[in-house]
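Okay, structure.cif is below, mmCIF, C-alpha atoms and all ligand atoms:
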data_data
loop_
_atom_site.label_atom_id
_atom_site.label_comp_id
_atom_site.auth_asym_id
_atom_site.auth_seq_id
_atom_site.Cartn_x
_atom_site.Cartn_y
_atom_site.Cartn_z
CA MET A 673 -1.45 -17.22 -46.56
CA LEU A 674 -0.19 -16.44 -43.11
CA LEU A 675 2.41 -14.09 -44.57
CA CYS A 676 -0.28 -12.32 -46.61
CA LEU A 677 -2.37 -11.89 -43.51
CA VAL A 678 0.56 -10.47 -41.58
CA LEU A 679 1.37 -8.06 -44.39
CA LEU A 680 -2.25 -7.03 -44.70
CA THR A 681 -2.52 -6.45 -40.98
CA THR A 682 0.65 -4.36 -41.00
CA GLU A 683 -0.57 -2.27 -43.87
CA VAL A 684 -3.95 -1.68 -42.25
CA SER A 685 -2.31 -0.64 -38.98
CA LEU A 686 -0.04 1.78 -40.87
CA LEU A 687 -3.02 3.26 -42.66
CA GLU A 688 -4.85 3.67 -39.40
CA ARG A 689 -2.03 5.69 -37.89
CA ASN A 690 -3.37 9.17 -38.04
CA ASN A 691 -0.54 11.36 -36.82
CA LEU A 692 -0.27 14.76 -38.42
CA TRP A 693 3.02 15.66 -40.00
CA ALA A 694 3.59 19.37 -39.34
CA PRO A 695 7.08 20.30 -40.55
CA TRP A 696 6.67 24.04 -39.89
CA ARG A 697 6.63 23.30 -36.16
CA ILE A 698 10.39 22.85 -36.29
CA ASN A 699 10.77 26.65 -36.13
CA TYR A 700 8.84 26.61 -32.90
CA ILE A 701 10.61 23.62 -31.40
CA GLN A 702 14.03 25.06 -32.22
CA GLY A 703 13.04 28.40 -30.71
CA LEU A 704 11.75 26.98 -27.43
CA ASP A 705 14.90 27.51 -25.44
CA LYS A 706 15.45 31.00 -26.83
CA THR A 707 12.03 32.41 -25.96
CA THR A 708 11.76 34.52 -22.87
CA GLY A 709 8.72 34.31 -20.66
CA CYS A 710 5.41 32.68 -21.36
CA PHE A 711 3.64 33.67 -24.57
CA ILE A 712 0.20 33.01 -23.08
CA CYS A 713 0.94 35.38 -20.17
CA ASN A 714 2.45 37.89 -22.61
CA ASN A 715 -0.71 37.71 -24.72
CA ARG A 716 -2.91 37.99 -21.64
CA ASP A 717 -1.13 41.15 -20.52
CA ASP A 718 -1.14 42.90 -23.88
CA PRO A 719 -4.72 43.16 -25.21
CA LYS A 720 -3.74 45.89 -27.66
CA LYS A 721 -1.85 43.25 -29.61
CA ASP A 722 -4.72 40.73 -29.71
CA ASP A 723 -4.80 40.76 -33.53
CA GLU A 724 -1.06 40.34 -33.85
CA ASN A 725 -1.03 37.67 -31.15
CA LEU A 726 -3.96 35.81 -32.76
CA VAL A 727 -6.09 36.02 -29.61
CA LEU A 728 -9.61 34.84 -30.41
CA TRP A 729 -11.46 35.15 -27.09
CA ARG A 730 -11.01 36.50 -23.60
CA THR A 731 -13.35 35.29 -20.88
CA ASP A 732 -13.48 35.75 -17.10
CA LYS A 733 -10.82 33.19 -16.33
CA SER A 734 -9.43 32.08 -19.68
CA ILE A 735 -7.90 33.11 -22.97
CA VAL A 736 -8.23 31.36 -26.33
CA VAL A 737 -5.58 31.81 -29.03
CA LEU A 738 -4.85 30.40 -32.44
CA ASN A 739 -1.69 28.33 -32.31
CA ARG A 740 0.92 30.11 -34.40
CA TYR A 741 2.59 26.75 -35.07
CA PRO A 742 -0.48 24.59 -35.66
CA TYR A 743 -0.72 20.86 -36.04
CA ASN A 744 -3.53 21.60 -38.44
CA ASN A 745 -5.50 24.57 -39.73
CA GLY A 746 -7.58 26.10 -36.93
CA HIS A 747 -5.55 24.67 -34.04
CA LEU A 748 -6.73 26.56 -30.91
CA LEU A 749 -5.22 26.75 -27.44
CA ILE A 750 -7.44 27.29 -24.41
CA ALA A 751 -5.61 28.41 -21.28
CA PRO A 752 -6.46 29.77 -17.85
CA LEU A 753 -5.46 33.40 -17.28
CA ARG A 754 -3.36 32.27 -14.32
CA HIS A 755 0.10 30.87 -15.06
CA ILE A 756 -0.37 27.42 -13.55
CA PRO A 757 1.26 24.24 -14.86
CA ASP A 758 -1.13 21.50 -13.78
CA LEU A 759 -4.76 20.61 -13.28
CA ASP A 760 -3.96 20.32 -9.56
CA GLN A 761 -3.61 24.08 -9.34
CA ALA A 762 -6.75 24.88 -11.34
CA GLY A 763 -9.95 25.74 -9.54
CA ASP A 764 -13.27 24.10 -10.38
CA ASP A 765 -14.43 27.37 -11.89
CA GLU A 766 -11.43 27.45 -14.24
CA LEU A 767 -11.87 23.81 -15.22
CA LEU A 768 -15.55 24.33 -15.93
CA GLU A 769 -14.90 27.41 -18.01
CA MET A 770 -12.15 25.75 -20.05
CA THR A 771 -14.38 22.75 -20.73
CA LYS A 772 -17.14 25.05 -21.92
CA LEU A 773 -14.60 26.78 -24.14
CA VAL A 774 -13.72 23.44 -25.72
CA ARG A 775 -17.38 23.19 -26.65
CA GLU A 776 -17.53 26.79 -27.92
CA SER A 777 -14.26 26.34 -29.85
CA GLN A 778 -15.62 23.29 -31.63
CA LYS A 779 -18.75 25.23 -32.47
CA ALA A 780 -16.86 28.24 -33.85
CA LEU A 781 -14.49 26.05 -35.85
CA SER A 782 -17.38 24.00 -37.22
CA LEU A 783 -19.14 27.14 -38.38
CA ALA A 784 -16.03 28.73 -39.84
CA ILE A 785 -14.11 25.89 -41.48
CA HIS A 786 -16.31 22.75 -41.25
CA PRO A 787 -13.91 20.12 -39.93
CA HIS A 788 -14.92 16.45 -40.02
CA GLY A 789 -13.64 15.81 -36.50
CA PHE A 790 -11.44 17.10 -33.69
CA ASN A 791 -8.55 16.08 -31.50
CA VAL A 792 -8.83 17.64 -28.04
CA GLY A 793 -6.10 17.10 -25.50
CA MET A 794 -3.46 18.22 -23.06
CA ASN A 795 0.24 17.51 -22.73
CA PHE A 796 2.07 17.62 -19.41
CA GLY A 797 5.84 17.88 -19.40
CA ARG A 798 8.12 18.53 -22.36
CA CYS A 799 8.80 14.82 -22.83
CA ALA A 800 5.06 14.40 -23.44
CA GLY A 801 5.08 17.06 -26.11
CA ALA A 802 4.18 20.15 -24.07
CA GLY A 803 5.77 23.12 -25.85
CA LEU A 804 4.87 25.38 -22.96
CA PRO A 805 5.05 23.21 -19.86
CA GLY A 806 4.58 26.08 -17.37
CA HIS A 807 1.14 27.21 -18.49
CA LEU A 808 -1.72 24.74 -18.60
CA HIS A 809 -3.53 24.65 -21.94
CA ILE A 810 -5.96 22.51 -23.90
CA HIS A 811 -5.40 21.86 -27.61
CA VAL A 812 -8.37 21.81 -29.95
CA VAL A 813 -7.22 20.53 -33.35
CA PRO A 814 -9.69 20.31 -36.23
CA ARG A 815 -9.35 17.26 -38.48
CA TRP A 816 -10.49 16.48 -41.99
CA ASN A 817 -10.71 13.15 -43.74
CA GLY A 818 -7.38 12.71 -45.49
CA ASP A 819 -5.74 15.73 -43.86
CA THR A 820 -2.57 13.80 -43.02
CA ASN A 821 -1.83 13.33 -46.71
CA PHE A 822 -2.73 16.88 -47.58
CA MET A 823 -0.67 18.46 -44.83
CA SER A 824 2.45 16.44 -45.48
CA VAL A 825 2.45 17.47 -49.12
CA CYS A 826 1.25 21.04 -48.85
CA GLY A 827 2.28 22.12 -45.34
CA ASN A 828 4.32 25.28 -45.42
CA ALA A 829 5.00 27.79 -42.65
CA ASP A 830 4.30 30.84 -44.81
CA VAL A 831 1.02 29.49 -46.12
CA ILE A 832 -0.10 28.74 -42.57
CA SER A 833 0.90 32.20 -41.32
CA GLN A 834 -1.20 33.87 -43.99
CA SER A 835 -4.19 31.68 -43.36
CA LEU A 836 -4.04 32.33 -39.61
CA ILE A 837 -4.97 35.98 -40.07
CA GLU A 838 -7.86 35.12 -42.36
CA LEU A 839 -8.93 32.33 -40.07
CA LEU A 840 -8.95 34.63 -37.03
CA ALA A 841 -11.35 36.95 -38.87
CA LEU A 842 -13.60 34.03 -39.85
CA LEU A 843 -13.72 32.72 -36.29
CA ARG A 844 -14.45 36.15 -34.84
CA GLN A 845 -17.30 36.62 -37.31
CA ALA A 846 -18.74 33.18 -36.49
CA SER A 847 -18.46 34.03 -32.78
CA LYS A 848 -20.31 37.31 -33.30
CA ASP A 849 -23.05 35.72 -35.40
CA HIS A 850 -23.70 32.92 -32.94
CA ALA A 851 -23.29 34.63 -29.54
CA LEU A 852 -20.07 32.77 -28.76
CA PRO A 853 -17.39 34.31 -26.52
CA ALA A 854 -15.57 37.43 -27.68
CA LEU A 855 -12.64 39.62 -26.80
ZN ZN B 901 1.93 31.83 -18.53
#
Could the structure of this file be written out as structure tokens, please?
Amino acid sequence: MLLCLVLLTTEVSLLERNNLWAPWRINYIQGLDKTTGCFICNNRDDPKKDDENLVLWRTDKSIVVLNRYPYNNGHLLIAPLRHIPDLDQAGDDELLEMTKLVRESQKALSLAIHPHGFNVGMNFGRCAGAGLPGHLHIHVVPRWNGDTNFMSVCGNADVISQSLIELLALLRQASKDHALPAL
């Protein structure tokens, strides 16, 4: 009986683990040391390439981009325009704007692709998972019931790349229709 309980408990805890398996991110992780400069700063400074760079919104102090190597469909990054690594360096105005953009991002994603939930978070330092440790950013990752199973079976870098372009268009349309931020 005790053994059964232990097994049951182990199985439940495994089922409750909800980490996303995103194998296409290996391209990104392997390329980290080869990239030159900061892609958020590069995007910020090159508005003519907003489509190509998957930039969704530009606001007074921030930029919002679709993550090219997403943990899940619709993974957005919200960053201050200034290249600063930590919250310590961010002004209250930047923090307020980024927090509002979390709210607006959730709204746009909800309208466009109807997720069941979200993960919102920040990583500091490469050991903590920050792919771009020099430039502060907030992750907004849409989640769907059962998405871990779906993504591990169907995840594919090419499929994601294609859907990113379509997704950008959907999010821009939702932003336009609902007076959300724009470029
Ligand atoms: Zn930067």
Spatial neighbours of Gly806 of chain A, max dist 8 Å, all atoms listed in the file, sep filter under 3 positions, as a VMD selection string: chain A and resid 710 755 to 757
Please give me, as a ChimeraX atom specification, the residues lying within 9 Å of ligand ZN 901 (chain B) when counting all atoms listed in the file. /A:709-716,751-757,804,806-808
Write the selection just made, keeping C-alpha atoms, as an mmCIF file, in the frame of the given file?
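What follows is the written file out.cif:
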data_model
loop_
_atom_site.group_PDB
_atom_site.id
_atom_site.type_symbol
_atom_site.label_atom_id
_atom_site.label_comp_id
_atom_site.auth_asym_id
_atom_site.auth_seq_id
_atom_site.Cartn_x
_atom_site.Cartn_y
_atom_site.Cartn_z
ATOM 1 C CA GLY A 709 8.720 34.310 -20.660
ATOM 2 C CA CYS A 710 5.410 32.680 -21.360
ATOM 3 C CA PHE A 711 3.640 33.670 -24.570
ATOM 4 C CA ILE A 712 0.200 33.010 -23.080
ATOM 5 C CA CYS A 713 0.940 35.380 -20.170
ATOM 6 C CA ASN A 714 2.450 37.890 -22.610
ATOM 7 C CA ASN A 715 -0.710 37.710 -24.720
ATOM 8 C CA ARG A 716 -2.910 37.990 -21.640
ATOM 9 C CA ALA A 751 -5.610 28.410 -21.280
ATOM 10 C CA PRO A 752 -6.460 29.770 -17.850
ATOM 11 C CA LEU A 753 -5.460 33.400 -17.280
ATOM 12 C CA ARG A 754 -3.360 32.270 -14.320
ATOM 13 C CA HIS A 755 0.100 30.870 -15.060
ATOM 14 C CA ILE A 756 -0.370 27.420 -13.550
ATOM 15 C CA PRO A 757 1.260 24.240 -14.860
ATOM 16 C CA LEU A 804 4.870 25.380 -22.960
ATOM 17 C CA GLY A 806 4.580 26.080 -17.370
ATOM 18 C CA HIS A 807 1.140 27.210 -18.490
ATOM 19 C CA LEU A 808 -1.720 24.740 -18.600
#
Please provide the set of residues having any atom within 7 Å of segment 782-797 of chain A, restricted to all atoms listed in the file, with same-chain residues fewer than 5 positions apart removed, written as a tab-separated table (two decimals) with C-alpha atoms, keeping the file's coordinate frame.
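Below is the file that was written, part_0.tsv:
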chain	number	residue	atom	x	y	z
A	802	ALA	CA	4.18	20.15	-24.07
A	805	PRO	CA	5.05	23.21	-19.86
A	809	HIS	CA	-3.53	24.65	-21.94
A	810	ILE	CA	-5.96	22.51	-23.90
A	811	HIS	CA	-5.40	21.86	-27.61
A	812	VAL	CA	-8.37	21.81	-29.95
A	813	VAL	CA	-7.22	20.53	-33.35
A	814	PRO	CA	-9.69	20.31	-36.23
A	815	ARG	CA	-9.35	17.26	-38.48
A	816	TRP	CA	-10.49	16.48	-41.99
A	817	ASN	CA	-10.71	13.15	-43.74
A	842	LEU	CA	-13.60	34.03	-39.85
A	843	LEU	CA	-13.72	32.72	-36.29
A	846	ALA	CA	-18.74	33.18	-36.49
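Closest approach to Thr771 of chain A among A:Ala800, A:Val736, A:Glu724, A:Tyr741: A:Val736, based on only C-alpha atoms.
For the choices A:Cys799, A:Ala762, A:Leu728, A:Leu738, the atom-to-atom distance to Ser835 of chain A is smallest for A:Leu738 when using only C-alpha atoms.
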Could you state the separation of atom CA of Leu726 of chain A and atom CA of Lys848 of chain A in Å, given to one decimal place? 16.4 Å
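Comparing the minimum interatomic distances between Lys779 of chain A and each of A:Ile735, A:Leu767, A:Ala851, A:Leu759, counting all atoms listed in the file, we find that A:Ala851 sits nearest.
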